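Reviewing the structure listed below.
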Amino acid sequence: MAHTFPRQNLRRLALVAITLLVAAPTLGRGAVATVKLPHTAVDTLLLQNGLRALLVENHDAPVASVQIWYHVGSKDEQPGKTGFAHLFEHLMFQGTRNLAPEEFSDYIVRVGGLDNAYTTEDATVLWETVPSSYLPVALWLEADRMRNLQITEQILKTEREVVKEERRERFDNQPYGTVIETLYQHAFTVHPYRHMTIGSMEDLDRASLADIQDFYNRYYVPNNATLVVVGDFQKPAARALIEKYFGPLSPGAQPLAREARSIPAEPPQTAERVFRTTEDVALPAFVEGYHMPADGLPDAYALRLAAKILSEGESSRIYRRLIYDKQIAVQAVSTGNFTEDPNLFFVFAVMNEGHAPREGEAEVEAELERLKTEPVLARELDKAKNQVLRDFILSRQSDQSRGEELGYAAVVLKDPDLLDAELDRFLAVTPEDIKRVAKKYFVPQNLTLVEIAPGKNRTRDWGLGARVRGQGGRERSRNVSWNQRFH
């Protein structure tokens with residue numbers, strides 16, 4: 001979703017990327033592992049109110065990127081109050097004690113800058129890229145809306161309707177738009193990853209001004225925020241500006257430690273769960289979700305590379321098998337949703353006309369079985385590592401994208417040094433690591449499966465119970481009325 005700001009060194013970075021990606025396969029097995037990214041010097045400032053600031057000087061172009069990473073996402077929402085973090089992504093642009101609604105963006109756009117925001121399960125990120133001479137204004141703007149946001153009944157009503165329309169457009173009115181939502185609703189039983197970041201219309205309608213104000217006062221505070229500044233500035237001057245604008249802000253009064261957030265741990269799944277639904281779509285489909293570990297843990301790196309081997313590019317295993325070789329699907333993708341807490345590795349496929357989901361499931365299972373029993377080829381693993389290397393290099397094309405990587409490393413992975421060091425963890429993965437994680441996680445008792453049949457009338461068949469193909473006994477699915485909304 002992020003825009004990138006034009007950079008003078010784009011050509012140089014592109015040439016470096018091309019050189020590395022072309023040369024690595026020709027150097028022989030293991031050559032990729034010798035690659036090192038240029039070091040990023042990160043200066044850390046911790047204010048007395050708990051705000052952490054991470055500063056990176058880069059004088060390639062006269063621009064600066066400012067990002068605020070609030071450590072609050074949809075997993076911090078309570079049942080019946082979903083969608084609050086995403087709603088604040090909108091509310092944060094709707095005026096403060098000092099600014100009228102939308103005036104924040106006016107300050108940025110009229111000097112040629114860019115601004116935007118996004119929300120994930122784990123964080124809410126607000127960012128702007130501006131001419132470096134405008135850095136003091138950008139910092140003042142972010143400090144102002146951190147504690148001076150003005151939320152009225154009218155603003156809440158307006159933004160609630162904006163978010164509801166976004167939900168209709170992106171999920172409810174899209175073919176297969178609620179399939180992943182359905183998967184998560186049933187793969188998770190207690191952890192808040194079971195609801196989508198956008199929340200439900202019912203919860204948004206119930207949200208009171210007092211509920212919203214409480215959420216703001218708890219989470220949008222200096223001691224729950226990481227400020228990332230990357231670009232053309234001098235660190236002493238930037239530190240002084242941060243002290244000036246953010247230093248006077250009071251920290252939040254409520255505890256923010258993990259144990260104080262009341263986020264329940266998801267219990268281990270013990271048997272395969274299967275659910276079937278009829279949707280107003282043209283072709284049958286299925287989505288499989290396997291529970292997997294949190295991002296940053298050792299197994300996550302092998303699983304990321306496994307996802308690339310399985311379905312990144314037209315020569316990848318699942319894509320080639322389902323679409324080219326068997327010609328039973330028109331779309332096939334696998335990926336991991338890597339987050340702060342354990343999440344899902346999933347496979348999604350839309351079947352060709354005349355082919356049932358079970359055919360695709362059998363072919364996917366065959367490919368996953370190959371990962372468990374046969375070491376991946378050296379060229380496949382090198383290709384996947386090259387794709388990761390490409391991603392790391394491209395993430396350094398702009399101050400905004402580099403800041404985003406730094407913020408993620410600091411807030412979600414808990415270690416800013418991983419901005420540079422994480423690549424080594426990918427490059428150290430071996431074929432045996434791929435086999436090991438495949439055997440550990442791609443097992444029936446760890447799987448939730450949703451099958452979608454085309455039909456005019458939407459139905460839900462949730463009374464099937466669990467289809468057991470592995471160890472751990474039988475789990476029963478809950479009986480759910482056909483018209484229940486999932487959130």
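All residue names refer to the structure tokens as shown: chains lettered A, B, ... in order, residues numbered from 1 in each chain, ligands numbered from 1 in order.
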- Item | 8 Å contact set for stretch 407-411 of chain A, only C-alpha atoms, chain neighbours under 2 positions out, as a list in words | Trp69, His71, Ala123, Thr226, Val228, Gly403, Glu404, Glu405, Leu413, Lys414, Asp415, Pro416, Asp417, Leu418 and Leu419 of chain A
- Message: Quick one: residues within 10 Å of A:Asp43, only C-alpha atoms, excluding same-chain residues fewer than 6 positions away - as an MDAnalysis selection string?
- Response: chainID A and resid 53:57 229 235 239
With C-alpha atoms retained, write the just-selected residues as a short mmCIF file (atom, residue, chain, number, x, y, z; two decimals), in the first residue's frame.
```cif
data_model
loop_
_atom_site.label_atom_id
_atom_site.label_comp_id
_atom_site.auth_asym_id
_atom_site.auth_seq_id
_atom_site.Cartn_x
_atom_site.Cartn_y
_atom_site.Cartn_z
CA ALA A 53 12.82 7.16 18.38
CA LEU A 54 14.97 5.43 15.74
CA LEU A 55 16.96 7.73 13.43
CA VAL A 56 18.75 6.87 10.19
CA GLU A 57 20.61 9.52 8.22
CA VAL A 229 12.83 9.00 11.00
CA LYS A 235 20.91 13.53 14.00
CA ARG A 239 16.98 14.64 18.35
#
```
Near stretch 267-284 of chain A, 12 Å: stretch 293-346 of chain A residue rows, closest pairs, only C-alpha atoms, as CSV:
```
residue,atom,partner,partner_atom,distance
A:Pro293,CA,A:Pro268,CA,11.5
A:Ile328,CA,A:Pro284,CA,10.9
A:Ala329,CA,A:Pro284,CA,9.5
A:Val330,CA,A:Leu283,CA,9.4
A:Gln331,CA,A:Leu283,CA,10.7
A:Pro342,CA,A:Pro268,CA,10.7
A:Asn343,CA,A:Pro268,CA,11.8
```
- Message: Which residues are near A:Thr40? Cut-off 7 Å, only C-alpha atoms, ignore same chain within fewer than 2 positions. Put them as JSON, numbers by chain.
- Response: {"A": [38, 42, 420]}
What does the file look like for those residues with N, CA and C atoms, as a PDB file, in the first residue's frame?
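And here is the file that came out, part.pdb:
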```pdb
ATOM      1  N   PRO A  38      24.544  -3.544   2.917  1.00  0.00           N
ATOM      2  CA  PRO A  38      25.240  -2.407   3.533  1.00  0.00           C
ATOM      3  C   PRO A  38      24.675  -2.136   4.918  1.00  0.00           C
ATOM      4  N   VAL A  42      21.743   3.015  12.949  1.00  0.00           N
ATOM      5  CA  VAL A  42      20.512   3.432  13.608  1.00  0.00           C
ATOM      6  C   VAL A  42      20.860   4.080  14.943  1.00  0.00           C
ATOM      7  N   ASP A 420      19.206  -5.225   9.244  1.00  0.00           N
ATOM      8  CA  ASP A 420      20.313  -5.731   8.439  1.00  0.00           C
ATOM      9  C   ASP A 420      20.581  -7.215   8.686  1.00  0.00           C
TER      10      ASP A 420
END
```
- Task: Using DSSP on the backbone, list every residue of stretch 52-134 of chain A that comes out as strand (DSSP E or B), and give them as a VMD selection string.
- Result: chain A and resid 52 to 57 63 to 70 96 114 to 119 124 to 131
